[in-house]
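Dropping query01.csv in here (CSV, C-alpha atoms):
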```csv
chain,number,residue,atom,x,y,z
M,7,MET,CA,0.0,0.0,0.0
M,8,SER,CA,1.4,3.4,-1.0
M,9,ASP,CA,2.1,6.1,1.6
M,10,LYS,CA,0.0,9.2,1.7
M,11,GLY,CA,1.4,12.0,-0.4
M,12,LEU,CA,1.9,13.2,-4.0
M,13,SER,CA,4.3,11.9,-6.7
M,14,VAL,CA,4.9,14.2,-9.6
M,15,VAL,CA,5.8,12.3,-12.8
M,16,ILE,CA,7.4,14.1,-15.7
M,17,PRO,CA,8.4,12.4,-19.0
M,18,VAL,CA,11.1,14.2,-21.0
M,19,LYS,CA,13.3,13.9,-24.1
M,20,GLY,CA,15.6,16.8,-24.7
M,21,ARG,CA,14.1,20.1,-23.6
M,22,VAL,CA,16.9,20.7,-21.1
M,23,ALA,CA,16.2,24.4,-20.5
M,24,GLU,CA,12.4,23.9,-20.3
M,25,MET,CA,12.8,21.0,-17.8
M,26,ARG,CA,15.0,23.1,-15.5
M,27,ARG,CA,12.5,25.9,-15.5
M,28,LEU,CA,9.7,23.4,-14.6
M,29,LEU,CA,11.8,21.9,-11.7
M,30,GLU,CA,12.5,25.4,-10.4
M,31,SER,CA,8.8,26.3,-10.6
M,32,LEU,CA,7.9,23.2,-8.6
M,33,GLY,CA,9.9,24.4,-5.6
M,34,PRO,CA,7.4,27.0,-4.3
M,35,ALA,CA,4.5,24.6,-5.1
M,36,ILE,CA,6.1,21.9,-3.0
M,37,ALA,CA,6.6,24.4,-0.1
M,38,ALA,CA,2.9,25.3,-0.3
M,39,CYS,CA,1.6,21.7,-0.3
M,40,ASP,CA,0.4,20.2,3.0
M,41,GLU,CA,1.5,16.6,2.1
M,42,PRO,CA,4.9,15.2,1.2
M,43,VAL,CA,5.9,15.5,-2.5
M,44,GLU,CA,8.4,13.7,-4.6
M,45,ILE,CA,9.4,14.5,-8.2
M,46,LEU,CA,10.2,11.7,-10.7
M,47,VAL,CA,11.8,12.6,-14.1
M,48,VAL,CA,11.7,9.8,-16.7
M,49,ASP,CA,14.0,10.5,-19.5
M,50,ASP,CA,15.2,9.0,-22.8
M,51,SER,CA,17.4,11.9,-24.0
M,52,GLU,CA,20.7,11.6,-25.8
M,53,PRO,CA,23.7,11.4,-23.5
M,54,ALA,CA,24.6,15.1,-23.3
M,55,ASP,CA,21.0,16.1,-22.5
M,56,ALA,CA,20.6,13.2,-20.2
M,57,ARG,CA,23.6,14.3,-18.2
M,58,ALA,CA,22.2,17.8,-18.0
M,59,HIS,CA,18.9,16.4,-16.7
M,60,GLN,CA,20.7,14.4,-14.1
M,61,GLU,CA,22.5,17.5,-12.9
M,62,HIS,CA,19.3,19.5,-12.7
M,63,CYS,CA,17.5,16.7,-10.9
M,64,ALA,CA,20.3,16.6,-8.3
M,65,THR,CA,20.0,20.4,-7.9
M,66,PHE,CA,16.3,20.3,-7.3
M,67,GLN,CA,16.1,17.0,-5.4
M,68,ALA,CA,14.2,15.1,-8.1
M,69,GLN,CA,14.6,11.4,-8.8
M,70,TYR,CA,16.0,10.7,-12.2
M,71,LEU,CA,15.0,7.5,-14.1
M,72,ARG,CA,16.0,6.3,-17.6
M,73,GLY,CA,12.9,5.4,-19.5
M,74,PRO,CA,11.6,4.1,-22.8
M,75,ARG,CA,10.8,6.1,-25.9
M,76,HIS,CA,7.0,6.2,-25.8
M,77,VAL,CA,5.6,8.9,-23.4
M,78,GLY,CA,2.9,6.6,-22.0
M,79,ALA,CA,5.5,4.0,-21.1
M,80,LYS,CA,7.6,6.7,-19.4
M,81,ARG,CA,4.7,7.8,-17.3
M,82,ASN,CA,4.0,4.1,-16.3
M,83,ASP,CA,7.6,3.7,-15.3
M,84,GLY,CA,7.3,6.8,-13.1
M,85,VAL,CA,4.2,5.5,-11.4
M,86,ARG,CA,5.8,2.2,-10.7
M,87,ALA,CA,8.7,3.9,-9.0
M,88,ALA,CA,6.5,6.4,-7.1
M,89,ALA,CA,6.2,6.2,-3.3
M,90,TYR,CA,2.8,8.0,-2.8
M,91,ASP,CA,-0.9,7.3,-3.4
M,92,LEU,CA,-1.6,10.4,-5.5
M,93,ILE,CA,0.1,11.0,-8.9
M,94,LEU,CA,0.3,14.3,-10.8
M,95,PHE,CA,1.3,14.2,-14.4
M,96,ILE,CA,2.8,17.4,-15.9
M,97,ASP,CA,4.8,17.9,-19.1
M,98,SER,CA,8.4,19.1,-19.3
M,99,ASP,CA,7.5,22.2,-21.3
M,100,CYS,CA,5.2,23.5,-18.6
M,101,LEU,CA,5.5,25.6,-15.4
M,102,ALA,CA,3.8,24.9,-12.1
M,103,THR,CA,1.9,27.7,-10.3
M,104,GLU,CA,2.4,28.0,-6.5
M,105,GLN,CA,-0.9,26.4,-5.5
M,106,LEU,CA,-0.9,23.7,-8.2
M,107,LEU,CA,0.1,20.8,-6.0
M,108,GLN,CA,-2.0,21.8,-3.0
M,109,ARG,CA,-5.1,22.3,-5.1
M,110,HIS,CA,-4.8,18.8,-6.6
M,111,VAL,CA,-4.2,17.2,-3.2
M,112,ALA,CA,-7.0,19.1,-1.5
M,113,THR,CA,-9.5,18.3,-4.3
M,114,LEU,CA,-8.8,14.6,-4.4
M,115,ARG,CA,-8.8,14.2,-0.6
M,116,ALA,CA,-12.1,16.0,-0.4
M,117,ALA,CA,-13.7,13.9,-3.1
M,118,ASP,CA,-15.5,10.6,-2.6
M,119,ASP,CA,-14.2,7.4,-3.9
M,120,SER,CA,-16.1,7.7,-7.2
M,121,VAL,CA,-13.6,10.4,-8.2
M,122,GLY,CA,-10.5,8.9,-9.8
M,123,ALA,CA,-8.8,12.1,-11.1
M,124,VAL,CA,-8.6,15.9,-11.1
M,125,ALA,CA,-7.9,17.9,-14.2
M,126,GLY,CA,-6.7,21.5,-14.0
M,127,PRO,CA,-6.5,24.0,-16.8
M,128,THR,CA,-3.4,24.8,-18.8
M,129,PHE,CA,-2.8,28.2,-20.3
M,130,VAL,CA,-0.3,28.8,-23.0
M,131,GLN,CA,2.1,31.7,-22.5
M,132,GLY,CA,1.3,34.5,-24.9
M,133,VAL,CA,3.8,35.8,-27.4
M,134,ASP,CA,3.3,38.7,-29.8
M,135,ASN,CA,4.0,37.1,-33.1
M,136,ALA,CA,1.9,36.1,-36.1
M,137,VAL,CA,1.9,32.4,-35.4
M,138,PHE,CA,0.5,32.9,-31.9
M,139,ARG,CA,-2.2,35.2,-33.2
M,140,VAL,CA,-3.2,32.8,-35.9
M,141,MET,CA,-3.3,29.7,-33.7
M,142,SER,CA,-5.2,31.4,-30.9
M,143,ARG,CA,-8.1,31.0,-33.3
M,144,SER,CA,-7.6,27.3,-33.7
M,145,LYS,CA,-10.3,24.8,-32.7
M,146,LEU,CA,-7.7,22.1,-32.4
M,147,LEU,CA,-4.4,23.2,-31.1
M,148,ASN,CA,-4.8,24.1,-27.4
M,149,SER,CA,-8.6,24.0,-26.8
M,150,ALA,CA,-8.5,20.9,-24.6
M,151,PHE,CA,-6.0,22.6,-22.3
M,152,GLU,CA,-8.7,25.1,-21.2
M,153,TRP,CA,-11.6,22.8,-20.7
M,154,PRO,CA,-11.1,22.3,-17.0
M,155,SER,CA,-11.8,26.0,-16.6
M,156,GLN,CA,-15.1,25.6,-18.4
M,157,ALA,CA,-16.4,22.2,-17.1
M,158,SER,CA,-17.0,20.6,-13.7
M,159,ARG,CA,-16.3,17.1,-15.1
M,160,VAL,CA,-14.6,15.8,-18.2
M,161,GLY,CA,-14.4,12.5,-20.0
M,162,TRP,CA,-10.7,12.8,-20.5
M,163,ALA,CA,-8.1,15.5,-19.9
M,164,THR,CA,-4.6,16.3,-21.2
M,165,THR,CA,-1.8,14.9,-19.0
M,166,CYS,CA,0.1,18.2,-18.8
M,167,ASN,CA,-2.1,18.8,-15.7
M,168,LEU,CA,-3.8,15.7,-14.4
M,169,ALA,CA,-3.7,14.2,-10.9
M,170,VAL,CA,-5.0,10.6,-10.4
M,171,ARG,CA,-5.5,8.3,-7.5
M,172,ARG,CA,-2.9,5.6,-7.9
M,173,SER,CA,-5.4,2.9,-7.1
M,174,ALA,CA,-7.7,4.1,-10.0
M,175,PHE,CA,-4.8,4.4,-12.4
M,176,GLU,CA,-3.5,0.9,-11.6
M,177,ALA,CA,-7.1,-0.6,-11.8
M,178,VAL,CA,-7.4,0.5,-15.4
M,179,GLY,CA,-3.9,-0.6,-16.4
M,180,GLY,CA,-2.2,2.8,-16.7
M,181,PHE,CA,-1.3,4.3,-20.1
M,182,ALA,CA,-1.2,2.5,-23.4
M,183,GLU,CA,2.5,2.0,-24.2
M,184,ARG,CA,2.4,1.4,-28.0
M,185,PRO,CA,0.0,3.9,-29.6
M,186,LEU,CA,0.4,4.9,-33.2
M,187,THR,CA,2.6,7.9,-32.4
M,188,VAL,CA,5.3,8.4,-29.7
M,189,VAL,CA,3.1,11.0,-28.0
M,190,GLY,CA,-0.6,11.7,-28.6
M,191,GLY,CA,-3.9,9.9,-27.7
M,192,GLU,CA,-2.6,8.0,-24.7
M,193,ASP,CA,-4.1,10.7,-22.4
M,194,VAL,CA,-7.5,10.5,-24.1
M,195,ASP,CA,-7.4,6.7,-23.9
M,196,LEU,CA,-6.6,6.7,-20.2
M,197,GLY,CA,-9.3,9.2,-19.4
M,198,LEU,CA,-11.9,7.2,-21.3
M,199,ARG,CA,-10.9,4.0,-19.5
M,200,LEU,CA,-11.1,5.8,-16.2
M,201,THR,CA,-14.6,7.2,-16.7
M,202,GLU,CA,-15.9,4.0,-18.3
M,203,ALA,CA,-14.7,2.1,-15.2
M,204,GLY,CA,-16.6,4.5,-12.9
M,205,HIS,CA,-13.7,6.8,-11.9
M,206,ALA,CA,-14.9,10.3,-12.6
M,207,ILE,CA,-12.6,13.1,-13.6
M,208,VAL,CA,-13.5,16.3,-11.9
M,209,CYS,CA,-12.1,19.8,-12.6
M,210,ASP,CA,-10.4,22.3,-10.4
M,211,ARG,CA,-10.0,25.6,-12.3
M,212,GLU,CA,-7.6,26.9,-9.6
M,213,ALA,CA,-5.1,24.1,-10.2
M,214,LEU,CA,-3.2,26.0,-12.9
M,215,VAL,CA,-0.3,25.1,-15.2
M,216,VAL,CA,1.3,27.5,-17.7
M,217,HIS,CA,2.5,25.9,-21.0
M,218,ASP,CA,5.7,27.1,-22.6
M,219,LYS,CA,5.1,29.2,-25.7
M,220,SER,CA,7.8,27.2,-27.6
M,221,SER,CA,5.1,24.8,-28.9
M,222,ILE,CA,3.5,27.6,-31.0
M,223,GLU,CA,6.5,29.7,-32.0
M,224,SER,CA,6.9,28.2,-35.5
M,225,ILE,CA,4.7,27.0,-38.3
M,226,GLY,CA,6.6,23.7,-38.5
M,227,THR,CA,6.0,22.9,-34.8
M,228,VAL,CA,2.3,23.7,-35.1
M,229,CYS,CA,1.9,21.5,-38.2
M,230,ARG,CA,3.7,18.6,-36.6
M,231,ARG,CA,1.5,18.8,-33.5
M,232,LEU,CA,-1.7,19.0,-35.5
M,233,ILE,CA,-0.7,16.0,-37.7
M,234,THR,CA,0.1,14.0,-34.6
M,235,TYR,CA,-3.2,14.9,-33.0
M,236,GLY,CA,-5.0,13.8,-36.2
M,237,LYS,CA,-3.1,10.5,-36.3
M,238,SER,CA,-3.9,9.8,-32.6
M,239,GLY,CA,-7.6,10.2,-33.4
M,240,GLN,CA,-7.4,7.3,-35.9
M,241,TRP,CA,-5.6,5.2,-33.3
M,242,LEU,CA,-8.2,6.0,-30.7
M,243,LEU,CA,-10.9,4.6,-33.2
M,244,ASP,CA,-9.0,1.3,-33.1
M,245,VAL,CA,-9.2,1.1,-29.3
M,246,HIS,CA,-12.6,2.8,-28.9
M,247,PRO,CA,-14.4,1.9,-32.1
M,248,GLY,CA,-17.8,3.0,-30.8
M,249,ARG,CA,-16.7,6.6,-30.9
M,250,GLY,CA,-16.5,7.0,-34.7
M,251,ARG,CA,-18.4,9.9,-36.2
M,252,PHE,CA,-18.9,11.1,-39.8
M,253,LYS,CA,-16.5,13.9,-40.6
M,254,LEU,CA,-16.0,15.7,-43.8
M,255,ASN,CA,-12.3,15.4,-43.7
M,256,ARG,CA,-10.8,18.2,-45.8
M,257,VAL,CA,-7.8,16.3,-47.1
M,258,THR,CA,-10.0,13.3,-48.1
M,259,THR,CA,-12.4,15.6,-49.9
M,260,LEU,CA,-9.7,17.5,-51.8
M,261,SER,CA,-8.0,14.2,-52.7
M,262,ALA,CA,-11.3,12.8,-54.1
M,263,THR,CA,-11.9,16.0,-56.0
M,264,ALA,CA,-8.4,15.9,-57.5
M,265,VAL,CA,-9.1,12.4,-58.8
M,266,ALA,CA,-12.7,12.8,-59.9
M,267,GLY,CA,-12.5,16.3,-61.4
M,268,PRO,CA,-9.2,18.1,-61.0
M,269,LEU,CA,-10.5,21.3,-62.6
M,270,LEU,CA,-12.9,21.6,-59.7
M,271,LEU,CA,-10.2,21.4,-57.1
M,272,PRO,CA,-9.5,25.2,-56.7
M,273,ALA,CA,-13.2,25.9,-56.3
M,274,VAL,CA,-13.8,23.2,-53.7
M,275,ALA,CA,-10.7,24.2,-51.8
M,276,ALA,CA,-11.8,27.8,-51.8
M,277,VAL,CA,-15.3,26.9,-50.5
M,278,LEU,CA,-13.9,24.7,-47.7
M,279,LEU,CA,-11.4,27.3,-46.7
M,280,ALA,CA,-14.0,30.1,-46.7
M,281,VAL,CA,-16.3,28.1,-44.5
M,282,ASP,CA,-13.6,27.2,-42.0
M,283,ALA,CA,-12.2,30.7,-42.0
M,284,ARG,CA,-15.6,32.2,-41.2
M,285,GLU,CA,-15.9,29.8,-38.3
M,286,ARG,CA,-12.5,30.8,-36.9
M,287,LEU,CA,-13.3,34.5,-37.4
M,288,GLY,CA,-16.0,34.1,-34.7
M,289,GLU,CA,-17.5,37.4,-33.5
M,290,ASP,CA,-14.5,39.5,-34.6
M,291,ALA,CA,-14.9,42.3,-37.0
M,292,PRO,CA,-13.8,41.3,-40.5
M,293,THR,CA,-10.7,43.4,-40.9
M,294,VAL,CA,-7.9,42.6,-43.3
M,295,ARG,CA,-5.8,41.3,-40.4
M,296,SER,CA,-8.5,39.2,-38.7
M,297,LEU,CA,-9.5,37.7,-42.1
M,298,ALA,CA,-5.9,36.9,-43.0
M,299,GLU,CA,-5.4,35.2,-39.5
M,300,SER,CA,-8.6,33.2,-39.8
M,301,ILE,CA,-7.8,32.0,-43.3
M,302,ALA,CA,-4.2,31.0,-42.2
M,303,CYS,CA,-5.6,29.3,-39.1
M,304,ALA,CA,-8.1,27.3,-41.2
M,305,GLY,CA,-5.4,26.1,-43.5
M,306,LEU,CA,-3.1,25.1,-40.7
M,307,ASP,CA,-5.9,23.3,-39.0
M,308,TRP,CA,-6.2,21.1,-42.1
M,309,CYS,CA,-2.9,19.5,-40.8
M,310,PHE,CA,-5.2,17.7,-38.3
M,311,ASP,CA,-7.2,16.3,-41.2
M,312,LEU,CA,-4.0,15.3,-42.9
M,313,GLY,CA,-3.0,13.3,-39.9
M,314,GLU,CA,-6.3,11.5,-39.9
M,315,PHE,CA,-6.0,10.9,-43.6
M,316,LEU,CA,-2.4,9.5,-43.3
M,317,ALA,CA,-3.2,7.3,-40.3
M,318,ALA,CA,-6.3,5.8,-41.9
M,319,TRP,CA,-4.0,4.5,-44.7
M,320,GLN,CA,-1.2,3.6,-42.3
M,321,LEU,CA,-3.7,1.5,-40.2
M,322,GLY,CA,-5.1,-0.2,-43.3
M,323,ARG,CA,-8.5,1.5,-42.7
M,324,PRO,CA,-9.4,3.5,-45.8
M,325,ASP,CA,-13.0,3.0,-44.8
M,326,ARG,CA,-12.4,5.6,-42.1
M,327,LEU,CA,-11.3,8.4,-44.4
M,328,LEU,CA,-14.5,10.2,-43.7
M,329,THR,CA,-14.7,9.2,-40.0
M,330,GLY,CA,-13.4,11.2,-37.1
M,331,PHE,CA,-13.1,10.5,-33.4
M,332,GLY,CA,-15.9,11.7,-31.1
M,333,TRP,CA,-13.8,13.7,-28.7
M,334,THR,CA,-16.4,15.3,-26.5
M,335,ASP,CA,-19.9,14.1,-27.5
M,336,ASP,CA,-20.1,12.2,-24.2
M,337,PRO,CA,-22.2,12.7,-21.1
M,338,ALA,CA,-19.0,12.5,-19.0
M,339,PHE,CA,-18.4,16.1,-20.0
M,340,VAL,CA,-20.4,18.5,-17.8
M,341,TRP,CA,-19.9,22.0,-19.1
M,342,ASP,CA,-20.3,25.0,-16.8
M,343,THR,CA,-19.5,27.3,-19.7
M,344,GLU,CA,-20.0,26.0,-23.2
M,345,PRO,CA,-16.6,26.0,-24.7
M,346,ALA,CA,-16.0,28.2,-27.8
M,347,LYS,CA,-13.6,25.6,-29.2
M,348,ARG,CA,-14.4,21.9,-29.4
M,349,TYR,CA,-11.5,19.5,-30.1
M,350,GLY,CA,-11.3,17.8,-33.5
M,351,GLY,CA,-14.3,19.7,-35.1
```
Taking this structure as input, can you express it in the form of structure tokens?
Amino acid sequence: MSDKGLSVVIPVKGRVAEMRRLLESLGPAIAACDEPVEILVVDDSEPADARAHQEHCATFQAQYLRGPRHVGAKRNDGVRAAAYDLILFIDSDCLATEQLLQRHVATLRAADDSVGAVAGPTFVQGVDNAVFRVMSRSKLLNSAFEWPSQASRVGWATTCNLAVRRSAFEAVGGFAERPLTVVGGEDVDLGLRLTEAGHAIVCDREALVVHDKSSIESIGTVCRRLITYGKSGQWLLDVHPGRGRFKLNRVTTLSATAVAGPLLLPAVAAVLLAVDARERLGEDAPTVRSLAESIACAGLDWCFDLGEFLAAWQLGRPDRLLTGFGWTDDPAFVWDTEPAKRYGG
């Protein structure tokens, strides 16, 4: 039986500077927590980065573990090595706020046994550049980070800010260790298995994490993330097949148009882009800048559809080229404020 306290599990590869900032931010949070806290860093970095992580762990009194490549497997290794009965998952490119640990501990201790986890919101650091302004309109990139500030319960939550009872985590078998991508989808899968097993995920909007802005500082980084998210949706359909929903996948539609009537391709692309850009414009006045940002965001969001398209072929499921994963159409989500952005729309 585990001792009473909180184990913070952090998977990492590279990100030496970001990881050091996270460890530093956890110091005040540990001091503000009423229960004992340990930090476990699970790393598969190259030797030079690994040495730097070991040095930083020694400086900030964190336990360093060598781990496997897949992020879900890293987190499982961290839980196996943990000493305490509550586990907090946070990502290496995040920062802890001072009350983060205490809020998660207090909320889980106050909850009855039906509650298996607590999700807190994650807010991305703002940066005044074109990429940030464009992607702040995205329905897909960071919307799930903010749901715990808009809901009292969720069916799944991102593991950049999720605390679980170790007993519930172990009862459902922990994270999947061999998803389609190295990272992506394993958090959704865990949340769905927790809720389906009767372990509710409640939200604490005061358990705040800040996400480093590096994830949205370049177009290439944004595209890679969105493609990974799209691929993870197709993998999730393999493990949760009842959650498939019809979706007019933009890449599938344009590919079919290119084959059936290539002369129609520019017109079809223009119509789809106009519809999606109007949605991302929202209530903003249609200025040159807002329209340009909305059009650019719509185009970038198609990377998500590209990920779905590629993964359907990779998994040998071309029948799912017009099928998307039902991310939030689930009674486990109880919204206090209807979110402006729904994942995977």
Compile a residue-level contact table for stretch 124-206 of chain M against stretch 275-283 of chain M at a cut-off of 12 Å, reporting for every qualifying residue the shortest atom pair and its distance in Å to one decimal, with only C-alpha atoms counted, rows ordered by chain and ascending number, as a tab-separated table.
```
residue	atom	partner	partner_atom	distance
M:Val140	CA	M:Ala283	CA	11.1
M:Arg143	CA	M:Ala283	CA	9.6
M:Ser144	CA	M:Ala283	CA	10.1
M:Lys145	CA	M:Asp282	CA	10.2
```
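Take atom CA of M:Gln156 and atom CA of M:Phe129: the distance between them is 12.7 Å.
If only C-alpha atoms are the atoms counted, then among M:Arg230, M:His246, M:Arg211, M:Lys10 the closest residue to M:Ala88 is M:Lys10.
Here atom CA of M:Val189 is placed at a distance of 11.1 Å from atom CA of M:Val18.
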Just to confirm, what's the straight-line distance from atom CA of M:Glu52 to atom CA of M:Lys19 in Å (one decimal)? 7.9 Å
Distance criterion (all atoms listed in the file): nearest to M:Leu147 out of M:Gly236, M:Gly11, M:Gly191, M:Gly330: M:Gly236
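Counting all atoms listed in the file, M:Gln108 has the following residues at most 7 Å away, ignoring those fewer than 6 positions along the same chain: Ala38, Cys39 and Asp40 of chain M.
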Test item: which residues lie within 12 Å of (11.7, 18.9, -8.7) counting only C-alpha atoms, as a PDB file with C-alpha atoms, in the frame of the given file:
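What ended up in result16.pdb:
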```pdb
ATOM      1  CA  SER M  13       4.300  11.900  -6.700  1.00  0.00           C
ATOM      2  CA  VAL M  14       4.900  14.200  -9.600  1.00  0.00           C
ATOM      3  CA  VAL M  15       5.800  12.300 -12.800  1.00  0.00           C
ATOM      4  CA  ILE M  16       7.400  14.100 -15.700  1.00  0.00           C
ATOM      5  CA  MET M  25      12.800  21.000 -17.800  1.00  0.00           C
ATOM      6  CA  ARG M  26      15.000  23.100 -15.500  1.00  0.00           C
ATOM      7  CA  ARG M  27      12.500  25.900 -15.500  1.00  0.00           C
ATOM      8  CA  LEU M  28       9.700  23.400 -14.600  1.00  0.00           C
ATOM      9  CA  LEU M  29      11.800  21.900 -11.700  1.00  0.00           C
ATOM     10  CA  GLU M  30      12.500  25.400 -10.400  1.00  0.00           C
ATOM     11  CA  SER M  31       8.800  26.300 -10.600  1.00  0.00           C
ATOM     12  CA  LEU M  32       7.900  23.200  -8.600  1.00  0.00           C
ATOM     13  CA  GLY M  33       9.900  24.400  -5.600  1.00  0.00           C
ATOM     14  CA  PRO M  34       7.400  27.000  -4.300  1.00  0.00           C
ATOM     15  CA  ALA M  35       4.500  24.600  -5.100  1.00  0.00           C
ATOM     16  CA  ILE M  36       6.100  21.900  -3.000  1.00  0.00           C
ATOM     17  CA  ALA M  37       6.600  24.400  -0.100  1.00  0.00           C
ATOM     18  CA  VAL M  43       5.900  15.500  -2.500  1.00  0.00           C
ATOM     19  CA  GLU M  44       8.400  13.700  -4.600  1.00  0.00           C
ATOM     20  CA  ILE M  45       9.400  14.500  -8.200  1.00  0.00           C
ATOM     21  CA  LEU M  46      10.200  11.700 -10.700  1.00  0.00           C
ATOM     22  CA  VAL M  47      11.800  12.600 -14.100  1.00  0.00           C
ATOM     23  CA  HIS M  59      18.900  16.400 -16.700  1.00  0.00           C
ATOM     24  CA  GLN M  60      20.700  14.400 -14.100  1.00  0.00           C
ATOM     25  CA  GLU M  61      22.500  17.500 -12.900  1.00  0.00           C
ATOM     26  CA  HIS M  62      19.300  19.500 -12.700  1.00  0.00           C
ATOM     27  CA  CYS M  63      17.500  16.700 -10.900  1.00  0.00           C
ATOM     28  CA  ALA M  64      20.300  16.600  -8.300  1.00  0.00           C
ATOM     29  CA  THR M  65      20.000  20.400  -7.900  1.00  0.00           C
ATOM     30  CA  PHE M  66      16.300  20.300  -7.300  1.00  0.00           C
ATOM     31  CA  GLN M  67      16.100  17.000  -5.400  1.00  0.00           C
ATOM     32  CA  ALA M  68      14.200  15.100  -8.100  1.00  0.00           C
ATOM     33  CA  GLN M  69      14.600  11.400  -8.800  1.00  0.00           C
ATOM     34  CA  TYR M  70      16.000  10.700 -12.200  1.00  0.00           C
ATOM     35  CA  ILE M  96       2.800  17.400 -15.900  1.00  0.00           C
ATOM     36  CA  SER M  98       8.400  19.100 -19.300  1.00  0.00           C
ATOM     37  CA  LEU M 101       5.500  25.600 -15.400  1.00  0.00           C
ATOM     38  CA  ALA M 102       3.800  24.900 -12.100  1.00  0.00           C
TER      39      ALA M 102
END
```
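Comparing M:Ile225, M:Ala262, M:Ala136, M:Met141 by their smallest distance to M:Leu287, the closest is M:Met141 (using only C-alpha atoms).
Among the candidates M:Gly197, M:Ala174, M:Ser149, M:Ser142, the residue lying nearest to M:Ala304 is M:Ser142 (atoms considered: all atoms listed in the file).
Among M:Asp118, M:Asp307, M:Asp49, M:Glu104, the residue with the shortest atom-to-atom distance to M:Arg75, counting only C-alpha atoms, is M:Asp49.
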Which of M:Trp241, M:Trp153, M:Phe138, M:Tyr90 sits closest to M:Arg171 [using all atoms listed in the file]: M:Tyr90
Got a sec: who's within 6 Å of M:Gly20, counting all atoms listed in the file, leaving out chain neighbours fewer than 2 positions off, as an MDAnalysis selection string? chainID M and resid 22 51 55
Okay, now the selection with C-alpha atoms, as a tab-separated table (two decimals), keeping the file's coordinate frame?
```
chain	number	residue	atom	x	y	z
M	22	VAL	CA	16.90	20.70	-21.10
M	51	SER	CA	17.40	11.90	-24.00
M	55	ASP	CA	21.00	16.10	-22.50
```
Reconstructed stretch 323-338 of chain M, atom set N, CA and C atoms, as a PDB file, in the coordinates of the input:
```
ATOM      1  N   ARG M 323      -7.092   1.237 -42.881  1.00  0.00           N
ATOM      2  CA  ARG M 323      -8.500   1.500 -42.700  1.00  0.00           C
ATOM      3  C   ARG M 323      -8.981   2.643 -43.614  1.00  0.00           C
ATOM      4  N   PRO M 324      -8.888   2.476 -44.944  1.00  0.00           N
ATOM      5  CA  PRO M 324      -9.400   3.500 -45.800  1.00  0.00           C
ATOM      6  C   PRO M 324     -10.876   3.778 -45.688  1.00  0.00           C
ATOM      7  N   ASP M 325     -11.594   2.831 -45.086  1.00  0.00           N
ATOM      8  CA  ASP M 325     -13.000   3.000 -44.800  1.00  0.00           C
ATOM      9  C   ASP M 325     -13.270   4.144 -43.822  1.00  0.00           C
ATOM     10  N   ARG M 326     -12.199   4.573 -43.127  1.00  0.00           N
ATOM     11  CA  ARG M 326     -12.400   5.600 -42.100  1.00  0.00           C
ATOM     12  C   ARG M 326     -11.875   6.982 -42.623  1.00  0.00           C
ATOM     13  N   LEU M 327     -11.746   7.153 -43.913  1.00  0.00           N
ATOM     14  CA  LEU M 327     -11.300   8.400 -44.400  1.00  0.00           C
ATOM     15  C   LEU M 327     -12.273   9.555 -44.240  1.00  0.00           C
ATOM     16  N   LEU M 328     -13.522   9.207 -43.983  1.00  0.00           N
ATOM     17  CA  LEU M 328     -14.500  10.200 -43.700  1.00  0.00           C
ATOM     18  C   LEU M 328     -15.110   9.955 -42.263  1.00  0.00           C
ATOM     19  N   THR M 329     -14.269   9.452 -41.380  1.00  0.00           N
ATOM     20  CA  THR M 329     -14.700   9.200 -40.000  1.00  0.00           C
ATOM     21  C   THR M 329     -13.704   9.882 -39.059  1.00  0.00           C
ATOM     22  N   GLY M 330     -14.248  10.580 -38.094  1.00  0.00           N
ATOM     23  CA  GLY M 330     -13.400  11.200 -37.100  1.00  0.00           C
ATOM     24  C   GLY M 330     -13.780  10.645 -35.704  1.00  0.00           C
ATOM     25  N   PHE M 331     -12.930  10.922 -34.744  1.00  0.00           N
ATOM     26  CA  PHE M 331     -13.100  10.500 -33.400  1.00  0.00           C
ATOM     27  C   PHE M 331     -14.081  11.406 -32.658  1.00  0.00           C
ATOM     28  N   GLY M 332     -15.024  10.878 -31.885  1.00  0.00           N
ATOM     29  CA  GLY M 332     -15.900  11.700 -31.100  1.00  0.00           C
ATOM     30  C   GLY M 332     -15.289  12.138 -29.802  1.00  0.00           C
ATOM     31  N   TRP M 333     -14.630  13.278 -29.836  1.00  0.00           N
ATOM     32  CA  TRP M 333     -13.800  13.700 -28.700  1.00  0.00           C
ATOM     33  C   TRP M 333     -14.590  14.085 -27.481  1.00  0.00           C
ATOM     34  N   THR M 334     -15.692  14.806 -27.658  1.00  0.00           N
ATOM     35  CA  THR M 334     -16.400  15.300 -26.500  1.00  0.00           C
ATOM     36  C   THR M 334     -17.904  15.059 -26.482  1.00  0.00           C
ATOM     37  N   ASP M 335     -18.431  14.347 -27.461  1.00  0.00           N
ATOM     38  CA  ASP M 335     -19.900  14.100 -27.500  1.00  0.00           C
ATOM     39  C   ASP M 335     -20.143  12.898 -26.504  1.00  0.00           C
ATOM     40  N   ASP M 336     -20.080  13.193 -25.231  1.00  0.00           N
ATOM     41  CA  ASP M 336     -20.100  12.200 -24.200  1.00  0.00           C
ATOM     42  C   ASP M 336     -20.676  12.796 -22.937  1.00  0.00           C
ATOM     43  N   PRO M 337     -21.621  12.106 -22.266  1.00  0.00           N
ATOM     44  CA  PRO M 337     -22.200  12.700 -21.100  1.00  0.00           C
ATOM     45  C   PRO M 337     -21.244  12.850 -19.905  1.00  0.00           C
ATOM     46  N   ALA M 338     -20.042  12.269 -20.007  1.00  0.00           N
ATOM     47  CA  ALA M 338     -19.000  12.500 -19.000  1.00  0.00           C
ATOM     48  C   ALA M 338     -18.552  13.912 -18.922  1.00  0.00           C
TER      49      ALA M 338
END
```
